[in-house]
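Raw run-v2.txt, compact mmCIF, C-alpha atoms (C1' of nucleotides):
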```txt
# COMPACT_ATOMS: atom_id res chain seq x y z
CA MET A 1445 -19.51 -61.13 42.38
CA LYS A 1446 -21.02 -64.36 43.54
CA ARG A 1447 -21.13 -65.71 40.02
CA HIS A 1448 -17.35 -66.07 40.00
CA SER A 1449 -14.99 -68.41 41.81
CA PHE A 1450 -13.03 -67.22 44.81
CA HIS A 1451 -9.92 -66.80 42.72
CA GLN A 1452 -11.72 -64.77 40.11
CA ARG A 1453 -13.31 -62.58 42.75
CA LYS A 1454 -9.98 -62.08 44.45
CA LYS A 1455 -8.44 -61.00 41.16
CA ILE A 1456 -11.23 -58.46 40.64
CA VAL A 1457 -10.64 -57.08 44.13
CA TYR A 1458 -6.90 -56.79 43.61
CA ASP A 1459 -7.21 -55.30 40.12
CA THR A 1460 -9.73 -52.75 41.30
CA ALA A 1461 -7.52 -51.86 44.25
CA ALA A 1462 -4.49 -51.54 41.97
CA HIS A 1463 -6.46 -49.24 39.73
CA LEU A 1464 -7.65 -46.98 42.54
CA PHE A 1465 -4.26 -46.92 44.27
CA ALA A 1466 -2.66 -45.99 40.96
CA LYS A 1467 -5.18 -43.27 40.24
CA ARG A 1468 -5.53 -41.59 43.61
CA GLY A 1469 -2.54 -42.94 45.51
CA TYR A 1470 -2.43 -45.55 48.26
CA SER A 1471 -2.92 -43.06 51.08
CA GLY A 1472 -5.47 -41.18 49.03
CA THR A 1473 -7.66 -44.23 48.57
CA SER A 1474 -9.87 -45.44 51.39
CA ILE A 1475 -11.20 -48.91 52.02
CA ARG A 1476 -14.62 -47.30 51.75
CA GLU A 1477 -13.95 -46.19 48.18
CA LEU A 1478 -12.65 -49.59 47.23
CA ALA A 1479 -15.76 -51.18 48.68
CA GLN A 1480 -17.98 -48.79 46.75
CA ALA A 1481 -16.18 -49.53 43.50
CA LEU A 1482 -16.73 -53.22 44.10
CA LYS A 1483 -20.29 -52.77 45.38
CA LEU A 1484 -19.46 -54.48 48.63
CA GLN A 1485 -19.42 -53.40 52.25
CA LYS A 1486 -16.09 -52.38 53.76
CA SER A 1487 -16.05 -55.28 56.14
CA SER A 1488 -16.57 -57.80 53.37
CA LEU A 1489 -13.26 -56.85 51.84
CA TYR A 1490 -11.30 -58.14 54.79
CA HIS A 1491 -12.10 -61.58 53.59
CA TYR A 1492 -9.60 -61.02 50.76
CA PHE A 1493 -6.77 -59.38 52.69
CA LYS A 1494 -5.92 -58.87 56.32
CA SER A 1495 -5.06 -55.17 56.17
CA LYS A 1496 -4.78 -52.34 53.70
CA GLU A 1497 -1.02 -52.53 53.79
CA ASP A 1498 -1.12 -56.26 53.21
CA LEU A 1499 -3.24 -55.59 50.14
CA LEU A 1500 -0.76 -53.13 48.66
CA PHE A 1501 2.15 -55.40 49.37
CA LYS A 1502 0.58 -58.41 47.69
CA ILE A 1503 -0.30 -56.41 44.59
CA MET A 1504 3.24 -55.11 44.26
CA ASP A 1505 4.94 -58.35 45.15
CA ASP A 1506 2.92 -60.36 42.63
CA SER A 1507 3.70 -57.91 39.88
CA MET A 1508 7.43 -57.88 40.56
CA THR A 1509 7.60 -61.62 40.87
CA VAL A 1510 6.01 -62.14 37.46
CA ALA A 1511 8.28 -59.57 35.85
CA LEU A 1512 11.40 -61.08 37.42
CA GLN A 1513 10.50 -64.56 36.27
CA LYS A 1514 10.19 -63.38 32.70
CA ILE A 1515 13.40 -61.38 32.86
CA ASP A 1516 15.30 -64.31 34.30
CA SER A 1517 13.94 -66.65 31.67
CA LEU A 1518 15.30 -64.28 29.03
CA TYR A 1519 18.77 -65.13 30.32
CA ALA A 1520 18.50 -68.85 30.70
CA TYR A 1521 20.39 -69.13 27.44
CA ASP A 1522 23.72 -67.52 26.68
CA ALA A 1523 23.27 -64.65 24.29
CA PRO A 1524 25.69 -61.90 23.31
CA PRO A 1525 25.21 -58.77 25.47
CA LEU A 1526 23.92 -56.74 22.55
CA GLU A 1527 21.09 -59.17 22.03
CA LYS A 1528 20.39 -59.34 25.77
CA LEU A 1529 20.13 -55.58 25.94
CA ARG A 1530 17.67 -55.49 23.09
CA ASP A 1531 15.53 -58.21 24.62
CA PHE A 1532 15.59 -56.59 28.02
CA MET A 1533 14.49 -53.25 26.66
CA HIS A 1534 11.70 -54.61 24.53
CA PHE A 1535 10.39 -56.80 27.26
CA TYR A 1536 10.57 -54.11 29.88
CA ALA A 1537 9.02 -51.37 27.76
CA SER A 1538 6.11 -53.51 26.63
CA PHE A 1539 5.49 -55.33 29.88
CA TYR A 1540 4.67 -52.19 31.79
CA ALA A 1541 2.98 -50.48 28.91
CA GLY A 1542 0.56 -53.38 29.28
CA ASP A 1543 -0.06 -52.99 33.03
CA ARG A 1544 0.06 -49.32 33.72
CA ASP A 1545 -1.54 -49.54 37.16
CA ARG A 1546 1.11 -51.88 38.51
CA LEU A 1547 3.90 -49.81 37.03
CA ILE A 1548 2.57 -46.75 38.81
CA LEU A 1549 2.43 -48.56 42.14
CA LEU A 1550 5.93 -49.96 41.83
CA VAL A 1551 7.33 -46.55 40.98
CA ASN A 1552 5.37 -44.46 43.46
CA GLU A 1553 4.09 -46.37 46.45
CA LEU A 1554 7.03 -48.38 47.71
CA ASP A 1555 7.69 -45.96 50.56
CA GLN A 1556 4.17 -46.34 51.89
CA LEU A 1557 5.01 -49.81 53.12
CA SER A 1558 6.49 -50.40 56.55
CA PRO A 1559 10.17 -51.48 56.54
CA VAL A 1560 9.47 -55.21 56.86
CA TYR A 1561 7.40 -55.29 53.69
CA ARG A 1562 9.39 -52.66 51.88
CA ASP A 1563 12.74 -54.35 52.26
CA ARG A 1564 11.51 -57.49 50.59
CA LEU A 1565 10.48 -55.50 47.51
CA ILE A 1566 13.62 -53.37 47.44
CA GLU A 1567 15.60 -56.53 47.13
CA LYS A 1568 13.67 -57.55 44.04
CA GLU A 1569 13.93 -54.06 42.63
CA ARG A 1570 17.67 -54.23 43.01
CA HIS A 1571 17.62 -57.34 40.91
CA TYR A 1572 16.16 -55.46 37.91
CA VAL A 1573 18.87 -52.84 38.14
CA GLU A 1574 21.64 -55.39 38.56
CA VAL A 1575 20.55 -57.29 35.47
CA LEU A 1576 20.77 -54.17 33.33
CA LYS A 1577 24.00 -52.99 34.91
CA GLY A 1578 25.46 -56.43 34.28
CA ILE A 1579 24.62 -56.26 30.60
CA LEU A 1580 26.06 -52.76 30.30
CA THR A 1581 29.26 -53.80 32.05
CA GLU A 1582 29.66 -56.65 29.57
CA LEU A 1583 29.13 -54.21 26.72
CA GLN A 1584 31.78 -51.89 28.09
CA GLN A 1585 34.30 -54.69 28.52
CA GLN A 1586 33.79 -55.69 24.93
CA GLY A 1587 34.27 -52.11 23.76
CA PHE A 1588 30.73 -51.55 22.51
CA MET A 1589 29.82 -48.91 25.03
CA LYS A 1590 31.15 -45.49 26.01
CA SER A 1591 32.73 -45.03 29.42
CA ILE A 1592 29.59 -43.61 31.00
CA PRO A 1593 29.02 -45.02 34.52
CA THR A 1594 26.77 -48.05 34.16
CA ALA A 1595 24.67 -46.84 37.10
CA VAL A 1596 23.92 -43.53 35.39
CA ALA A 1597 23.11 -45.24 32.11
CA SER A 1598 20.88 -47.81 33.84
CA PHE A 1599 18.88 -45.21 35.68
CA ALA A 1600 18.59 -43.13 32.52
CA PHE A 1601 16.98 -46.15 30.91
CA PHE A 1602 14.68 -46.91 33.82
CA GLY A 1603 13.71 -43.26 33.88
CA MET A 1604 12.66 -43.35 30.22
CA VAL A 1605 10.65 -46.52 30.73
CA HIS A 1606 9.07 -45.84 34.11
CA PHE A 1607 8.00 -42.39 33.06
CA THR A 1608 5.87 -43.81 30.25
CA TYR A 1609 2.88 -44.03 32.58
CA LYS A 1610 2.70 -40.24 32.55
CA TRP A 1611 2.10 -39.92 28.83
CA TYR A 1612 1.98 -43.20 26.93
CA ARG A 1613 -1.42 -44.62 26.02
CA GLN A 1614 -1.76 -48.06 24.54
CA ASP A 1615 -4.68 -47.02 22.40
CA GLY A 1616 -2.64 -44.28 20.75
CA GLN A 1617 -0.58 -44.32 17.57
CA VAL A 1618 2.53 -45.97 18.98
CA THR A 1619 2.38 -49.69 19.75
CA PRO A 1620 4.28 -51.02 22.79
CA ASP A 1621 6.67 -52.72 20.39
CA GLN A 1622 7.34 -49.52 18.51
CA LEU A 1623 7.88 -47.80 21.83
CA GLY A 1624 10.55 -50.37 22.65
CA ASP A 1625 12.15 -49.68 19.29
CA PHE A 1626 12.21 -45.94 19.87
CA PHE A 1627 13.70 -46.35 23.33
CA TRP A 1628 16.29 -48.75 22.02
CA ASP A 1629 17.17 -46.30 19.28
CA ILE A 1630 17.47 -43.31 21.59
CA PHE A 1631 19.30 -45.16 24.33
CA THR A 1632 21.89 -46.82 22.12
CA THR A 1633 22.62 -44.24 19.40
CA GLY A 1634 20.80 -41.08 20.54
CA ILE A 1635 18.48 -38.71 18.78
CA PHE A 1636 21.09 -37.15 16.50
CA GLU A 1637 21.34 -38.10 12.86
CA GLN A 1638 24.37 -40.32 12.31
CA LYS A 1639 26.94 -38.88 9.98
CA MET B 500 10.38 -19.18 64.94
CA LYS B 501 9.66 -15.77 66.37
CA ARG B 502 13.21 -14.66 65.78
CA HIS B 503 12.56 -14.53 62.04
CA SER B 504 10.46 -12.25 59.89
CA PHE B 505 7.11 -13.38 58.59
CA HIS B 506 8.59 -14.10 55.19
CA GLN B 507 11.37 -16.19 56.65
CA ARG B 508 8.94 -18.11 58.83
CA LYS B 509 6.65 -18.71 55.92
CA LYS B 510 9.54 -20.08 53.89
CA ILE B 511 10.44 -22.47 56.71
CA VAL B 512 6.84 -23.67 56.87
CA TYR B 513 6.66 -24.23 53.12
CA ASP B 514 10.06 -25.90 52.90
CA THR B 515 9.23 -28.23 55.76
CA ALA B 516 5.89 -29.06 54.18
CA ALA B 517 7.56 -29.70 50.83
CA HIS B 518 10.01 -32.02 52.52
CA LEU B 519 7.35 -34.03 54.34
CA PHE B 520 5.04 -34.18 51.34
CA ALA B 521 7.95 -35.40 49.23
CA LYS B 522 8.98 -38.00 51.76
CA ARG B 523 5.65 -39.46 52.83
CA GLY B 524 3.30 -38.19 50.14
CA TYR B 525 0.72 -35.41 50.34
CA SER B 526 -2.09 -37.69 51.50
CA GLY B 527 0.29 -39.55 53.76
CA THR B 528 1.29 -36.40 55.62
CA SER B 529 -1.02 -34.89 58.21
CA ILE B 530 -1.21 -31.31 59.37
CA ARG B 531 -0.39 -32.69 62.80
CA GLU B 532 2.91 -34.07 61.59
CA LEU B 533 3.79 -30.83 59.90
CA ALA B 534 3.02 -28.95 63.11
CA GLN B 535 5.20 -31.30 65.12
CA ALA B 536 8.10 -30.89 62.72
CA LEU B 537 7.77 -27.12 63.10
CA LYS B 538 7.14 -27.27 66.84
CA LEU B 539 3.89 -25.41 66.49
CA GLN B 540 0.27 -26.27 67.16
CA LYS B 541 -1.86 -27.41 64.26
CA SER B 542 -4.08 -24.39 64.42
CA SER B 543 -1.13 -22.00 64.24
CA LEU B 544 -0.28 -23.25 60.78
CA TYR B 545 -3.48 -21.92 59.30
CA HIS B 546 -1.99 -18.51 59.62
CA TYR B 547 0.32 -19.41 56.70
CA PHE B 548 -2.17 -21.10 54.40
CA LYS B 549 -5.91 -21.45 54.28
CA SER B 550 -6.11 -25.20 53.67
CA LYS B 551 -3.86 -28.18 53.14
CA GLU B 552 -4.64 -28.20 49.47
CA ASP B 553 -3.87 -24.51 49.20
CA LEU B 554 -0.49 -25.24 50.78
CA LEU B 555 0.38 -27.92 48.25
CA PHE B 556 -0.73 -25.78 45.36
CA LYS B 557 1.35 -22.81 46.41
CA ILE B 558 4.46 -24.92 46.86
CA MET B 559 4.08 -26.44 43.41
CA ASP B 560 3.07 -23.25 41.69
CA ASP B 561 6.00 -21.29 43.10
CA SER B 562 8.45 -23.93 42.01
CA MET B 563 7.10 -24.12 38.47
CA THR B 564 6.96 -20.38 38.11
CA VAL B 565 10.61 -19.99 39.04
CA ALA B 566 11.66 -22.77 36.69
CA LEU B 567 9.64 -21.35 33.81
CA GLN B 568 11.11 -17.88 34.26
CA LYS B 569 14.61 -19.27 34.01
CA ILE B 570 13.77 -21.41 31.03
CA ASP B 571 12.17 -18.52 29.22
CA SER B 572 15.13 -16.27 29.96
CA LEU B 573 17.34 -18.86 28.30
CA TYR B 574 15.49 -18.12 25.06
CA ALA B 575 15.38 -14.38 25.16
CA TYR B 576 18.27 -14.42 22.71
CA ASP B 577 18.32 -16.23 19.41
CA ALA B 578 20.60 -19.23 19.61
CA PRO B 579 20.99 -22.15 17.23
CA PRO B 580 18.80 -25.11 18.29
CA LEU B 581 21.77 -27.24 19.17
CA GLU B 582 22.93 -24.71 21.71
CA LYS B 583 19.39 -24.27 23.03
CA LEU B 584 19.07 -27.99 23.58
CA ARG B 585 22.29 -28.13 25.48
CA ASP B 586 21.32 -25.20 27.68
CA PHE B 587 17.89 -26.61 28.32
CA MET B 588 19.23 -29.96 29.39
CA HIS B 589 21.90 -28.59 31.65
CA PHE B 590 19.56 -26.17 33.29
CA TYR B 591 16.83 -28.70 33.75
CA ALA B 592 19.06 -31.47 35.06
CA SER B 593 20.81 -29.26 37.58
CA PHE B 594 17.80 -27.22 38.65
CA TYR B 595 15.94 -30.18 39.99
CA ALA B 596 18.98 -31.97 41.25
CA GLY B 597 19.20 -28.92 43.52
CA ASP B 598 15.60 -29.05 44.78
CA ARG B 599 14.71 -32.67 45.03
CA ASP B 600 11.64 -32.15 47.21
CA ARG B 601 9.97 -29.88 44.69
CA LEU B 602 10.79 -32.20 41.82
CA ILE B 603 9.14 -35.06 43.67
CA LEU B 604 5.99 -33.05 44.27
CA LEU B 605 5.74 -31.88 40.68
CA VAL B 606 6.14 -35.40 39.39
CA ASN B 607 3.95 -37.22 41.89
CA GLU B 608 1.34 -35.07 43.56
CA LEU B 609 -0.32 -33.16 40.76
CA ASP B 610 -3.36 -35.43 40.78
CA GLN B 611 -4.02 -34.76 44.44
CA LEU B 612 -5.21 -31.27 43.59
CA SER B 613 -8.80 -30.57 42.69
CA PRO B 614 -9.41 -29.68 39.03
CA VAL B 615 -9.40 -25.92 39.50
CA TYR B 616 -5.92 -25.91 40.99
CA ARG B 617 -4.63 -28.76 38.87
CA ASP B 618 -5.53 -27.23 35.55
CA ARG B 619 -3.50 -24.13 36.26
CA LEU B 620 -0.41 -26.24 36.85
CA ILE B 621 -1.00 -28.53 33.91
CA GLU B 622 -0.89 -25.51 31.67
CA LYS B 623 2.54 -24.57 32.97
CA GLU B 624 3.69 -28.16 32.70
CA ARG B 625 2.67 -28.17 29.08
CA HIS B 626 4.91 -25.18 28.56
CA TYR B 627 8.01 -27.15 29.59
CA VAL B 628 7.16 -29.89 27.14
CA GLU B 629 6.39 -27.48 24.32
CA VAL B 630 9.73 -25.72 24.73
CA LEU B 631 11.63 -28.97 24.33
CA LYS B 632 9.42 -30.23 21.51
CA GLY B 633 9.97 -26.92 19.74
CA ILE B 634 13.72 -27.26 19.94
CA LEU B 635 13.58 -30.84 18.69
CA THR B 636 11.35 -29.86 15.79
CA GLU B 637 13.87 -27.21 14.78
CA LEU B 638 16.63 -29.78 14.95
CA GLN B 639 14.68 -32.15 12.73
CA GLN B 640 13.96 -29.46 10.18
CA GLN B 641 17.63 -28.67 9.97
CA GLY B 642 18.49 -32.32 9.52
CA PHE B 643 20.34 -32.79 12.80
CA MET B 644 17.88 -35.22 14.32
CA LYS B 645 16.50 -38.61 13.40
CA SER B 646 12.84 -38.96 12.48
CA ILE B 647 11.79 -40.10 15.94
CA PRO B 648 8.51 -38.45 17.01
CA THR B 649 9.41 -35.33 18.98
CA ALA B 650 6.84 -36.23 21.63
CA VAL B 651 8.47 -39.61 22.29
CA ALA B 652 11.93 -38.07 22.39
CA SER B 653 10.77 -35.29 24.71
CA PHE B 654 9.18 -37.66 27.17
CA ALA B 655 12.23 -39.91 27.03
CA PHE B 656 14.26 -36.92 28.12
CA PHE B 657 11.86 -35.86 30.87
CA GLY B 658 11.79 -39.43 32.07
CA MET B 659 15.57 -39.52 32.44
CA VAL B 660 15.60 -36.23 34.30
CA HIS B 661 12.53 -36.63 36.49
CA PHE B 662 13.59 -40.07 37.58
CA THR B 663 16.79 -38.70 39.09
CA TYR B 664 15.04 -38.18 42.41
CA LYS B 665 14.93 -41.93 42.83
CA TRP B 666 18.66 -42.45 42.78
CA TYR B 667 20.72 -39.29 42.34
CA ARG B 668 22.30 -37.74 45.42
CA GLN B 669 23.99 -34.39 45.26
CA ASP B 670 26.57 -35.39 47.84
CA GLY B 671 27.68 -38.35 45.74
CA GLN B 672 30.41 -38.62 43.16
CA VAL B 673 28.57 -37.07 40.24
CA THR B 674 28.04 -33.29 40.28
CA PRO B 675 24.79 -31.88 38.85
CA ASP B 676 26.80 -30.47 35.98
CA GLN B 677 28.35 -33.82 35.18
CA LEU B 678 24.91 -35.36 35.37
CA GLY B 679 23.74 -32.88 32.73
CA ASP B 680 26.74 -33.88 30.60
CA PHE B 681 25.96 -37.56 30.89
CA PHE B 682 22.31 -37.03 30.01
CA TRP B 683 23.26 -34.85 27.08
CA ASP B 684 25.67 -37.50 25.89
CA ILE B 685 23.18 -40.36 26.20
CA PHE B 686 20.26 -38.43 24.76
CA THR B 687 22.06 -37.06 21.73
CA THR B 688 24.45 -39.84 20.70
CA GLY B 689 23.50 -42.82 22.87
CA ILE B 690 25.52 -45.17 25.01
CA PHE B 691 27.20 -47.01 22.15
CA GLU B 692 30.79 -46.31 21.20
CA GLN B 693 30.92 -44.29 17.98
CA LYS B 694 32.66 -46.02 15.14
C1' DG C 748 -18.90 -64.53 51.84
C1' DT C 749 -21.54 -60.81 52.80
C1' DC C 750 -24.08 -58.21 55.83
C1' DT C 751 -25.16 -54.70 59.98
C1' DA C 752 -23.37 -52.53 63.74
C1' DT C 753 -19.89 -50.62 66.14
C1' DA C 754 -15.18 -49.48 68.35
C1' DC C 755 -11.66 -46.61 68.19
C1' DT C 756 -8.24 -43.45 65.95
C1' DT C 757 -6.90 -39.84 63.05
C1' DT C 758 -8.11 -36.36 59.98
C1' DG C 759 -8.65 -31.19 58.47
C1' DA C 760 -10.42 -27.17 60.15
C1' DT C 761 -12.56 -23.43 63.28
C1' DA C 762 -13.53 -20.43 67.56
C1' DG C 763 -11.90 -17.55 70.72
C1' DA C 764 -8.47 -16.24 74.62
C1' DC C 765 -4.05 -14.04 75.09
C1' DG D 1148 0.93 -15.15 65.74
C1' DT D 1149 0.40 -18.79 68.84
C1' DC D 1150 -2.18 -21.10 72.06
C1' DT D 1151 -6.16 -24.44 74.16
C1' DA D 1152 -10.27 -26.54 73.20
C1' DT D 1153 -13.37 -28.60 70.30
C1' DC D 1154 -15.84 -30.34 66.23
C1' DA D 1155 -17.71 -33.22 62.51
C1' DA D 1156 -16.16 -36.27 59.24
C1' DA D 1157 -13.50 -39.95 57.61
C1' DG D 1158 -10.10 -43.41 58.53
C1' DT D 1159 -9.03 -48.77 59.52
C1' DA D 1160 -10.53 -52.67 61.55
C1' DT D 1161 -13.38 -56.16 64.27
C1' DA D 1162 -17.59 -58.84 66.15
C1' DG D 1163 -21.14 -61.52 65.26
C1' DA D 1164 -25.69 -62.71 62.69
C1' DC D 1165 -27.16 -65.00 58.53
```
As structure tokens, please, write out the structure in this file.
Amino acid sequence: MKRHSFHQRKKIVYDTAAHLFAKRGYSGTSIRELAQALKLQKSSLYHYFKSKEDLLFKIMDDSMTVALQKIDSLYAYDAPPLEKLRDFMHFYASFYAGDRDRLILLVNELDQLSPVYRDRLIEKERHYVEVLKGILTELQQQGFMKSIPTAVASFAFFGMVHFTYKWYRQDGQVTPDQLGDFFWDIFTTGIFEQK
Amino acid sequence: MKRHSFHQRKKIVYDTAAHLFAKRGYSGTSIRELAQALKLQKSSLYHYFKSKEDLLFKIMDDSMTVALQKIDSLYAYDAPPLEKLRDFMHFYASFYAGDRDRLILLVNELDQLSPVYRDRLIEKERHYVEVLKGILTELQQQGFMKSIPTAVASFAFFGMVHFTYKWYRQDGQVTPDQLGDFFWDIFTTGIFEQK
DNA sequence: GTCTATACTTTGATAGAC
DNA sequence: GTCTATCAAAGTATAGAC
């Protein structure tokens, strides 16, 4: 560890923690185990975070912040809603296919945080949903979309994407980009053959 | 508690455990907390299960067994694949909308079990997936379905349904049956307006 | 920054009286 | 079947030397 800079070491600590938390759960992972994985003593870890909860929060917050920045940058320009939807889906599907550990934490471990921390993340989470709902509303107003509630449709989409961590493997036959294509296809026109 | 039969008491214990495990996670819930919720002493609980892990396993196994029985009974008769798909989706969507706690455990806590227990459940889980993949394969052979990989389509569906625990509330505006309709609609023909 | 040593709490589980 | 009492192990976190 000493061969790296503080920032590099910190990243290793956080990545390793994210990996263990994702694999065995936040509550199911002890500081001891994290220390063993890093070949450090428990006490040494507290140089990189002030508590276990603080560690989880920072991992999750960083991940959401990065994702939100990219999503927002997708909308700096004014595109037609159909194009926005396609971009959103491809970005979202591939972003988390590329960082499975973080996806797992964001989906599963939010409730492990105490209210103060949790509320700050829920607000960001809401932002994701609102972006998609906004696009769908636009699509409906322009007559492109069925009259399904935008909330139901949004959560159907997030369900498809978030669930990928249970089965999708990046080293398999389907690339993240293809995955985005499949999801786009299913979500917009369904699995049935068009007549 | 004493006013009920052993079977009734046991059900209360297991339901309460399922609720706590779902809410705060298996690792995040202590036997102490469960005892408090039931107004019993910790030690008294061990009359109903032999270990915490045993408790989790039994809750999950019971739930999967019931679901599998119902799913299999849906296929005792020979229906066209289109009808099977519709039945499967409606059953699945409404079954777990009605027992949110169990759904959460099945989706989230499988990895908390040691291999011996886990493997038995994974086998049952595989059965769910195989049923749906089988239906989709039939649909493809008969030319009703696009050439999307059946695995991707299956997991897209399970993602939509499993994710409901994050947002769907039975006391809201959408009934479980309507939810099944919406999912059917999205999954088969997508959110876009048909031309 | 990392170590040793330690404080203190909470954990799952058992023994044995009633 | 529920209780009191108790245990060993594991949990998070801190103090202070180097």
Worksheet entry | At most 12 Å to chain C: residues in chain B, all atoms listed in the file, as a count of residues only | 17
Write out as a Markdown table the residues of chain D that have any atom within 8 Å of an atom of chain B, one row each with the nearest atom pair and its distance in Å to one decimal, counting all atoms listed in the file, sorted by chain and then rising number.
```
| residue | atom | partner | partner_atom | distance |
| --- | --- | --- | --- | --- |
| D:DG1148 | C1' | B:Ser543 | CA | 7.3 |
| D:DT1149 | C1' | B:Ser543 | CA | 5.8 |
| D:DC1150 | C1' | B:Gln540 | CA | 7.5 |
```
Contacts of chain A with chain B up to 6 Å, shortest pair per row, all atoms listed in the file, as JSON lines:
```
{"residue": "A:Ser1471", "atom": "CA", "partner": "B:Ser526", "partner_atom": "CA", "distance": 5.4}
{"residue": "A:Gly1472", "atom": "CA", "partner": "B:Ser526", "partner_atom": "CA", "distance": 5.5}
{"residue": "A:Phe1588", "atom": "CA", "partner": "B:Glu692", "partner_atom": "CA", "distance": 5.4}
{"residue": "A:Met1589", "atom": "CA", "partner": "B:Phe691", "partner_atom": "CA", "distance": 4.3}
{"residue": "A:Lys1590", "atom": "CA", "partner": "B:Glu692", "partner_atom": "CA", "distance": 4.9}
{"residue": "A:Ala1600", "atom": "CA", "partner": "B:Met659", "partner_atom": "CA", "distance": 4.7}
{"residue": "A:Gly1603", "atom": "CA", "partner": "B:Met659", "partner_atom": "CA", "distance": 4.4}
{"residue": "A:Met1604", "atom": "CA", "partner": "B:Gly658", "partner_atom": "CA", "distance": 4.4}
{"residue": "A:Phe1607", "atom": "CA", "partner": "B:Gly658", "partner_atom": "CA", "distance": 4.9}
{"residue": "A:Phe1631", "atom": "CA", "partner": "B:Gly689", "partner_atom": "CA", "distance": 5.0}
{"residue": "A:Thr1632", "atom": "CA", "partner": "B:Gly689", "partner_atom": "CA", "distance": 4.4}
{"residue": "A:Thr1633", "atom": "CA", "partner": "B:Gly689", "partner_atom": "CA", "distance": 3.9}
{"residue": "A:Gly1634", "atom": "CA", "partner": "B:Thr688", "partner_atom": "CA", "distance": 3.9}
{"residue": "A:Ile1635", "atom": "CA", "partner": "B:Thr687", "partner_atom": "CA", "distance": 4.9}
{"residue": "A:Phe1636", "atom": "CA", "partner": "B:Met644", "partner_atom": "CA", "distance": 4.3}
{"residue": "A:Glu1637", "atom": "CA", "partner": "B:Met644", "partner_atom": "CA", "distance": 4.7}
```
Discussion item. Excluding region 1557-1567 of chain A and its own-chain neighbours fewer than 6 positions away, which residues fall within 10 Å of it when counting all atoms listed in the file? Please give them as a ChimeraX atom specification.
Written reply: /A:1470,1497-1498,1500-1502,1504-1505,1508-1509,1550
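What separates CA of Arg502 (chain B) from CA of Tyr547 (chain B) is a distance of 16.5 Å.
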Practice prompt. Could you please determine the separation between CA of Met500 (chain B) and CA of Ile603 (chain B) in Å, to one decimal place?
Written response: 26.6 Å
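C1' of DG1163 (chain D) to CA of Ser1449 (chain A) spans 25.2 Å [interatomic distance, one decimal].
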Fill in: Residues within 10 Å of (27.9, -58.8, 28.3), file coords, only C-alpha atoms (C1' of nucleotides), listed as a ChimeraX atom specification
/A:1522-1529,1576-1586,1588
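Non-sequential neighbours of Asp514 (chain B) (distance at most 12 Å, separation of 5 or more positions within a chain, all atoms listed in the file) are Gln507, Arg508, Lys509, Leu519, Phe520, Ala521, Leu533, Ala536, Leu537, Leu554, Leu555, Lys557, Ile558, Met559, Asp561, Ser562, Asp598, Arg599, Asp600, Arg601 and Leu604 of chain B.
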